[in-house]
Structure formats: structure tokens, C-alpha cells
file model36.csv (CSV, C-alpha atoms)
chain,number,residue,atom,x,y,z
N,1,MET,CA,1.5,-3.1,-20.3
N,2,LEU,CA,-1.8,-3.8,-18.5
N,3,GLN,CA,-4.5,-2.1,-20.4
N,4,ASP,CA,-7.9,-3.0,-19.1
N,5,ASP,CA,-9.9,-4.1,-16.0
N,6,SER,CA,-10.0,-7.7,-17.2
N,7,SER,CA,-6.2,-7.7,-17.4
N,8,HIS,CA,-5.9,-6.3,-13.9
N,9,ALA,CA,-8.4,-8.9,-12.6
N,10,ALA,CA,-6.4,-11.7,-14.3
N,11,VAL,CA,-3.2,-10.5,-12.6
N,12,LEU,CA,-4.9,-10.3,-9.2
N,13,ALA,CA,-6.4,-13.8,-9.7
N,14,GLU,CA,-2.9,-15.1,-10.5
N,15,ILE,CA,-1.5,-13.4,-7.4
N,16,VAL,CA,-4.2,-14.9,-5.3
N,17,SER,CA,-3.6,-18.4,-6.7
N,18,GLU,CA,0.1,-18.0,-5.9
N,19,LEU,CA,-0.5,-17.1,-2.2
N,20,ASN,CA,-1.8,-19.4,0.4
N,21,GLY,CA,-4.4,-18.3,3.0
N,22,GLU,CA,-1.9,-17.2,5.6
N,23,ASP,CA,0.1,-15.2,3.0
N,24,THR,CA,-3.1,-13.5,1.8
N,25,GLU,CA,-4.1,-12.7,5.4
N,26,LEU,CA,-0.7,-11.3,6.2
N,27,VAL,CA,-0.7,-9.1,3.1
N,28,MET,CA,-4.3,-7.9,3.6
N,29,ASP,CA,-3.6,-7.1,7.3
N,30,PHE,CA,-0.5,-5.1,6.3
N,31,ILE,CA,-2.3,-3.2,3.5
N,32,ASN,CA,-5.2,-2.4,5.8
N,33,LYS,CA,-2.8,-1.0,8.4
N,34,LEU,CA,-1.1,1.1,5.7
N,35,TYR,CA,-4.5,2.5,4.5
N,36,ASP,CA,-5.5,3.2,8.0
N,37,LEU,CA,-2.3,5.2,8.5
N,38,ARG,CA,-2.8,7.0,5.2
N,39,SER,CA,-6.4,7.9,6.3
N,40,THR,CA,-5.1,9.2,9.6
N,41,PHE,CA,-2.4,11.2,7.8
N,42,GLN,CA,-5.0,12.8,5.6
N,43,THR,CA,-7.1,13.7,8.6
N,44,VAL,CA,-4.1,15.3,10.2
N,45,LEU,CA,-3.4,17.4,7.1
N,46,GLU,CA,-7.1,18.5,7.0
N,47,LYS,CA,-7.0,19.5,10.7
N,48,GLU,CA,-3.7,21.4,10.0
N,49,VAL,CA,-5.4,23.3,7.2
N,50,GLU,CA,-8.4,24.0,9.5
N,51,LEU,CA,-6.0,25.3,12.2
N,52,ARG,CA,-4.2,27.6,9.8
N,53,GLN,CA,-7.5,29.0,8.4
N,54,SER,CA,-9.2,29.3,11.7
N,55,ARG,CA,-10.3,32.7,12.9
N,56,VAL,CA,-12.2,31.5,16.0
N,57,SER,CA,-12.0,32.4,19.7
N,58,ASP,CA,-9.1,31.3,21.8
N,59,GLU,CA,-11.3,28.5,23.4
N,60,ALA,CA,-12.2,27.1,20.0
N,61,GLN,CA,-8.6,27.4,18.8
N,62,LYS,CA,-7.5,25.5,21.9
N,63,ALA,CA,-10.0,22.7,21.1
N,64,LEU,CA,-8.7,22.6,17.5
N,65,VAL,CA,-5.1,22.3,18.7
N,66,THR,CA,-6.0,19.6,21.2
N,67,ALA,CA,-7.8,17.6,18.4
N,68,TYR,CA,-4.8,18.1,16.1
N,69,ILE,CA,-2.3,16.9,18.8
N,70,GLN,CA,-4.5,13.8,19.4
N,71,LEU,CA,-4.5,13.0,15.7
N,72,LEU,CA,-0.7,13.3,15.6
N,73,HIS,CA,-0.4,10.9,18.5
N,74,ASP,CA,-2.8,8.4,16.7
N,75,GLU,CA,-0.8,8.7,13.5
N,76,LYS,CA,2.5,8.1,15.4
N,77,ALA,CA,1.1,5.0,17.2
N,78,LYS,CA,-0.1,3.6,13.9
N,79,ALA,CA,3.2,4.2,12.2
N,80,LYS,CA,5.1,2.6,15.1
N,81,GLU,CA,2.8,-0.4,14.8
N,82,ILE,CA,3.7,-0.8,11.2
N,83,ILE,CA,7.4,-0.4,11.9
N,84,LYS,CA,7.2,-3.0,14.7
N,85,ILE,CA,5.5,-5.5,12.3
N,86,ILE,CA,8.2,-5.0,9.7
N,87,ASN,CA,11.0,-5.2,12.3
N,88,ARG,CA,9.6,-8.4,13.8
N,89,ASP,CA,9.2,-9.9,10.4
N,90,LEU,CA,12.7,-9.0,9.3
N,91,ASP,CA,14.2,-10.3,12.6
N,92,ALA,CA,12.5,-13.7,12.0
N,93,HIS,CA,14.6,-16.5,10.5
N,94,GLU,CA,12.8,-16.2,7.2
N,95,SER,CA,10.9,-13.0,6.5
N,96,ARG,CA,7.3,-13.8,5.5
N,97,LEU,CA,6.7,-10.4,4.1
N,98,LEU,CA,9.7,-10.8,1.8
N,99,GLN,CA,8.6,-14.2,0.8
N,100,VAL,CA,5.1,-13.0,-0.1
N,101,MET,CA,6.6,-10.0,-2.0
N,102,ALA,CA,8.8,-12.4,-3.9
N,103,LYS,CA,5.8,-14.5,-4.9
N,104,ILE,CA,4.0,-11.3,-6.1
N,105,HIS,CA,7.1,-10.2,-8.0
N,106,ARG,CA,7.3,-13.6,-9.7
N,107,VAL,CA,3.7,-13.2,-10.9
N,108,GLY,CA,4.4,-9.7,-12.1
N,109,ASP,CA,7.5,-11.0,-13.9
N,110,ARG,CA,5.5,-13.8,-15.6
N,111,VAL,CA,2.8,-11.3,-16.7
N,112,MET,CA,5.3,-8.8,-18.1
N,113,LYS,CA,7.1,-11.6,-20.1
N,114,ARG,CA,3.8,-12.9,-21.4
N,115,THR,CA,2.7,-9.3,-22.4
N,116,ARG,CA,6.1,-8.7,-24.1
N,117,SER,CA,5.8,-12.0,-26.0
N,118,GLU,CA,2.2,-11.2,-27.1
N,119,GLU,CA,3.2,-7.7,-28.2
N,120,HIS,CA,6.2,-9.1,-30.1
N,121,THR,CA,4.0,-11.8,-31.8
N,122,SER,CA,1.5,-9.2,-32.8
N,123,GLU,CA,4.2,-7.0,-34.3
N,124,LEU,CA,5.6,-9.9,-36.3
N,125,GLN,CA,2.1,-10.7,-37.6
N,126,SER,CA,1.3,-7.1,-38.6
N,127,PRO,CA,1.3,-6.3,-42.3
N,128,ASP,CA,4.1,-3.7,-41.8
N,129,HIS,CA,6.6,-6.5,-41.2
call {"tool": "encode", "arguments": {"input": "model36.csv", "output": "C-alpha cells"}}
result
Amino acid sequence: MLQDDSSHAAVLAEIVSELNGEDTELVMDFINKLYDLRSTFQTVLEKEVELRQSRVSDEAQKALVTAYIQLLHDEKAKAKEIIKIINRDLDAHESRLLQVMAKIHRVGDRVMKRTRSEEHTSELQSPDH
């Protein structure tokens, strides 16, 4: 198991070394879109809570509902964009997203094997054995 920030940094450095510039750009763009969608989703939930707790005039309530509906439209558009990216990638002859994920998986697999090997070695070297 990864236990400290230096271990995390080492894994990230290994992932970055495995990816080329285009792969890194693809992954970062995709992650940014997901975080943007997540942020919009959180804003939608906050607006929904505000609507439920609202005890304001009809006009103010109407403004809240309008803002809420706009947020839902924004959220839907962002989700559709992410789905379109994934569909376009999967329709391609070779999925770049899947290739990049496979590279990241290989790094994770190597790290886990190294960690297990180090743990096993330290167990064998402990005085209890």
C-alpha cells in the first residue's frame, strides 16, 4: 500500500514518464472536464437546497427556479460533452483513452508488485521469522 506523499509523488512521476505529451494532454483535458462537471453538480445541489429552504416572495422564488434550471442545463451540456468524447474515442480504430488507461494500469501494477515484494522481504528479514 502507498503510505506517504513521497510514495504518491513517485507513482505520479512514474505515470508521467510512461505517458507522452499527447497522452498527458488527453488525460488532463478529460480530468478537467470531469472536475468541471462535478463542480457544476455541486452547485446544482446547493441551489436545490436553497430552493427547498427558501421562504421568499414569489418573484424571488421564480428567480431561484430560473437559476436552478439554467444550472441543470449547464450540467446536462457538460455531461453530454464528456459522453461525446468517450463515444468518439471508443468509435476510433484504437481508443486512446483505453491505451492511456492501460499505461496507467501497468504503472500501478508494477508499483503494487514492488510494494508486495518489499513487504515480503521485510517480513522475511524480521526477527520473528
call {"tool": "residues_around", "arguments": {"input": "model36.csv", "residues": "Val65 in chain N", "least_positions_apart": "5", "cutoff": "10 Å", "atoms": "only C-alpha atoms", "output": "PyMOL selection string"}}
result
chain N and resi 47-48+50-51+59-60+70-71
call {"tool": "residues_around", "arguments": {"input": "model36.csv", "residues": "Gln99 in chain N", "least_positions_apart": "6", "cutoff": "12 Å", "atoms": "only C-alpha atoms", "output": "list in words"}}
result
Glu18, Leu19, Asn20, Glu22, Asp23, Thr24, Leu26, Val27, Asp89, Leu90, Ala92, His93, His105 and Arg106 of chain N
call {"tool": "atom_distance", "arguments": {"input": "model36.csv", "atom1": "CA of Val49 in chain N", "atom2": "CA of Phe30 in chain N"}}
result
28.8 Å
call {"tool": "residues_around", "arguments": {"input": "model36.csv", "residues": "Ile82 in chain N", "least_positions_apart": "2", "cutoff": "8 Å", "atoms": "all atoms listed in the file", "output": "count of residues only"}}
result
9
call {"tool": "closest_residue", "arguments": {"input": "model36.csv", "among": "N:Glu94, N:Glu81, N:Asp74, N:Asp58", "to": "Thr43 in chain N", "atoms": "only C-alpha atoms"}}
result
N:Asp74
call {"tool": "atom_distance", "arguments": {"input": "model36.csv", "atom1": "CA of Glu46 in chain N", "atom2": "CA of Asp29 in chain N"}}
result
25.8 Å
call {"tool": "atom_distance", "arguments": {"input": "model36.csv", "atom1": "CA of Met112 in chain N", "atom2": "CA of Leu12 in chain N"}}
result
13.6 Å
call {"tool": "closest_residue", "arguments": {"input": "model36.csv", "among": "N:Leu97, N:Leu72, N:Ala9, N:Val16", "to": "Leu45 in chain N", "atoms": "only C-alpha atoms"}}
result
N:Leu72
call {"tool": "closest_residue", "arguments": {"input": "model36.csv", "among": "N:Val107, N:Ser95, N:Thr115, N:Ala102", "to": "Ala13 in chain N", "atoms": "all atoms listed in the file"}}
result
N:Val107
call {"tool": "closest_residue", "arguments": {"input": "model36.csv", "among": "N:Ser54, N:Thr40, N:Asn87, N:Ser117", "to": "His73 in chain N", "atoms": "only C-alpha atoms"}}
result
N:Thr40
call {"tool": "build_atoms", "arguments": {"input": "model36.csv", "residues": "range 99-119 of chain N", "atoms": "N, CA, C and O atoms", "output": "compact mmCIF listing (two decimals), in the coordinates of the input"}}
result
# COMPACT_ATOMS: atom_id res chain seq x y z
N GLN N 99 9.01 -13.07 1.56
CA GLN N 99 8.60 -14.20 0.80
C GLN N 99 7.36 -13.96 -0.04
O GLN N 99 7.27 -14.31 -1.22
N VAL N 100 6.39 -13.32 0.59
CA VAL N 100 5.10 -13.00 -0.10
C VAL N 100 5.42 -11.99 -1.22
O VAL N 100 4.91 -12.13 -2.34
N MET N 101 6.24 -10.98 -0.94
CA MET N 101 6.60 -10.00 -2.00
C MET N 101 7.30 -10.68 -3.15
O MET N 101 7.08 -10.33 -4.30
N ALA N 102 8.14 -11.67 -2.85
CA ALA N 102 8.80 -12.40 -3.90
C ALA N 102 7.82 -13.17 -4.77
O ALA N 102 7.95 -13.20 -6.00
N LYS N 103 6.81 -13.76 -4.14
CA LYS N 103 5.80 -14.50 -4.90
C LYS N 103 5.03 -13.50 -5.81
O LYS N 103 4.78 -13.79 -6.98
N ILE N 104 4.67 -12.34 -5.27
CA ILE N 104 4.00 -11.30 -6.10
C ILE N 104 4.84 -10.85 -7.21
O ILE N 104 4.39 -10.68 -8.34
N HIS N 105 6.13 -10.66 -6.94
CA HIS N 105 7.10 -10.20 -8.00
C HIS N 105 7.16 -11.27 -9.09
O HIS N 105 7.19 -10.93 -10.27
N ARG N 106 7.20 -12.56 -8.71
CA ARG N 106 7.30 -13.60 -9.70
C ARG N 106 6.04 -13.57 -10.64
O ARG N 106 6.17 -13.72 -11.85
N VAL N 107 4.86 -13.35 -10.05
CA VAL N 107 3.70 -13.20 -10.90
C VAL N 107 3.78 -12.06 -11.82
O VAL N 107 3.52 -12.17 -13.02
N GLY N 108 4.20 -10.91 -11.30
CA GLY N 108 4.40 -9.70 -12.10
C GLY N 108 5.38 -9.95 -13.24
O GLY N 108 5.17 -9.54 -14.38
N ASP N 109 6.45 -10.66 -12.91
CA ASP N 109 7.50 -11.00 -13.90
C ASP N 109 6.90 -11.84 -15.02
O ASP N 109 7.13 -11.59 -16.21
N ARG N 110 6.14 -12.88 -14.63
CA ARG N 110 5.50 -13.80 -15.60
C ARG N 110 4.56 -12.98 -16.53
O ARG N 110 4.55 -13.14 -17.75
N VAL N 111 3.77 -12.09 -15.92
CA VAL N 111 2.80 -11.30 -16.70
C VAL N 111 3.52 -10.40 -17.67
O VAL N 111 3.13 -10.28 -18.84
N MET N 112 4.58 -9.74 -17.22
CA MET N 112 5.30 -8.80 -18.10
C MET N 112 5.94 -9.63 -19.27
O MET N 112 5.92 -9.17 -20.41
N LYS N 113 6.50 -10.81 -19.00
CA LYS N 113 7.10 -11.60 -20.10
C LYS N 113 6.02 -12.05 -21.06
O LYS N 113 6.25 -12.01 -22.27
N ARG N 114 4.85 -12.46 -20.54
CA ARG N 114 3.80 -12.90 -21.40
C ARG N 114 3.31 -11.68 -22.29
O ARG N 114 3.09 -11.81 -23.49
N THR N 115 3.18 -10.50 -21.66
CA THR N 115 2.70 -9.30 -22.40
C THR N 115 3.74 -8.95 -23.47
O THR N 115 3.35 -8.66 -24.60
N ARG N 116 5.02 -8.96 -23.14
CA ARG N 116 6.10 -8.70 -24.10
C ARG N 116 6.01 -9.66 -25.29
O ARG N 116 6.13 -9.30 -26.46
N SER N 117 5.84 -10.93 -24.94
CA SER N 117 5.80 -12.00 -26.00
C SER N 117 4.58 -11.78 -26.88
O SER N 117 4.69 -11.89 -28.10
N GLU N 118 3.43 -11.45 -26.27
CA GLU N 118 2.20 -11.20 -27.10
C GLU N 118 2.40 -9.98 -27.97
O GLU N 118 2.00 -9.99 -29.14
N GLU N 119 3.02 -8.91 -27.43
CA GLU N 119 3.20 -7.70 -28.20
C GLU N 119 4.20 -8.02 -29.39
O GLU N 119 3.99 -7.58 -30.52
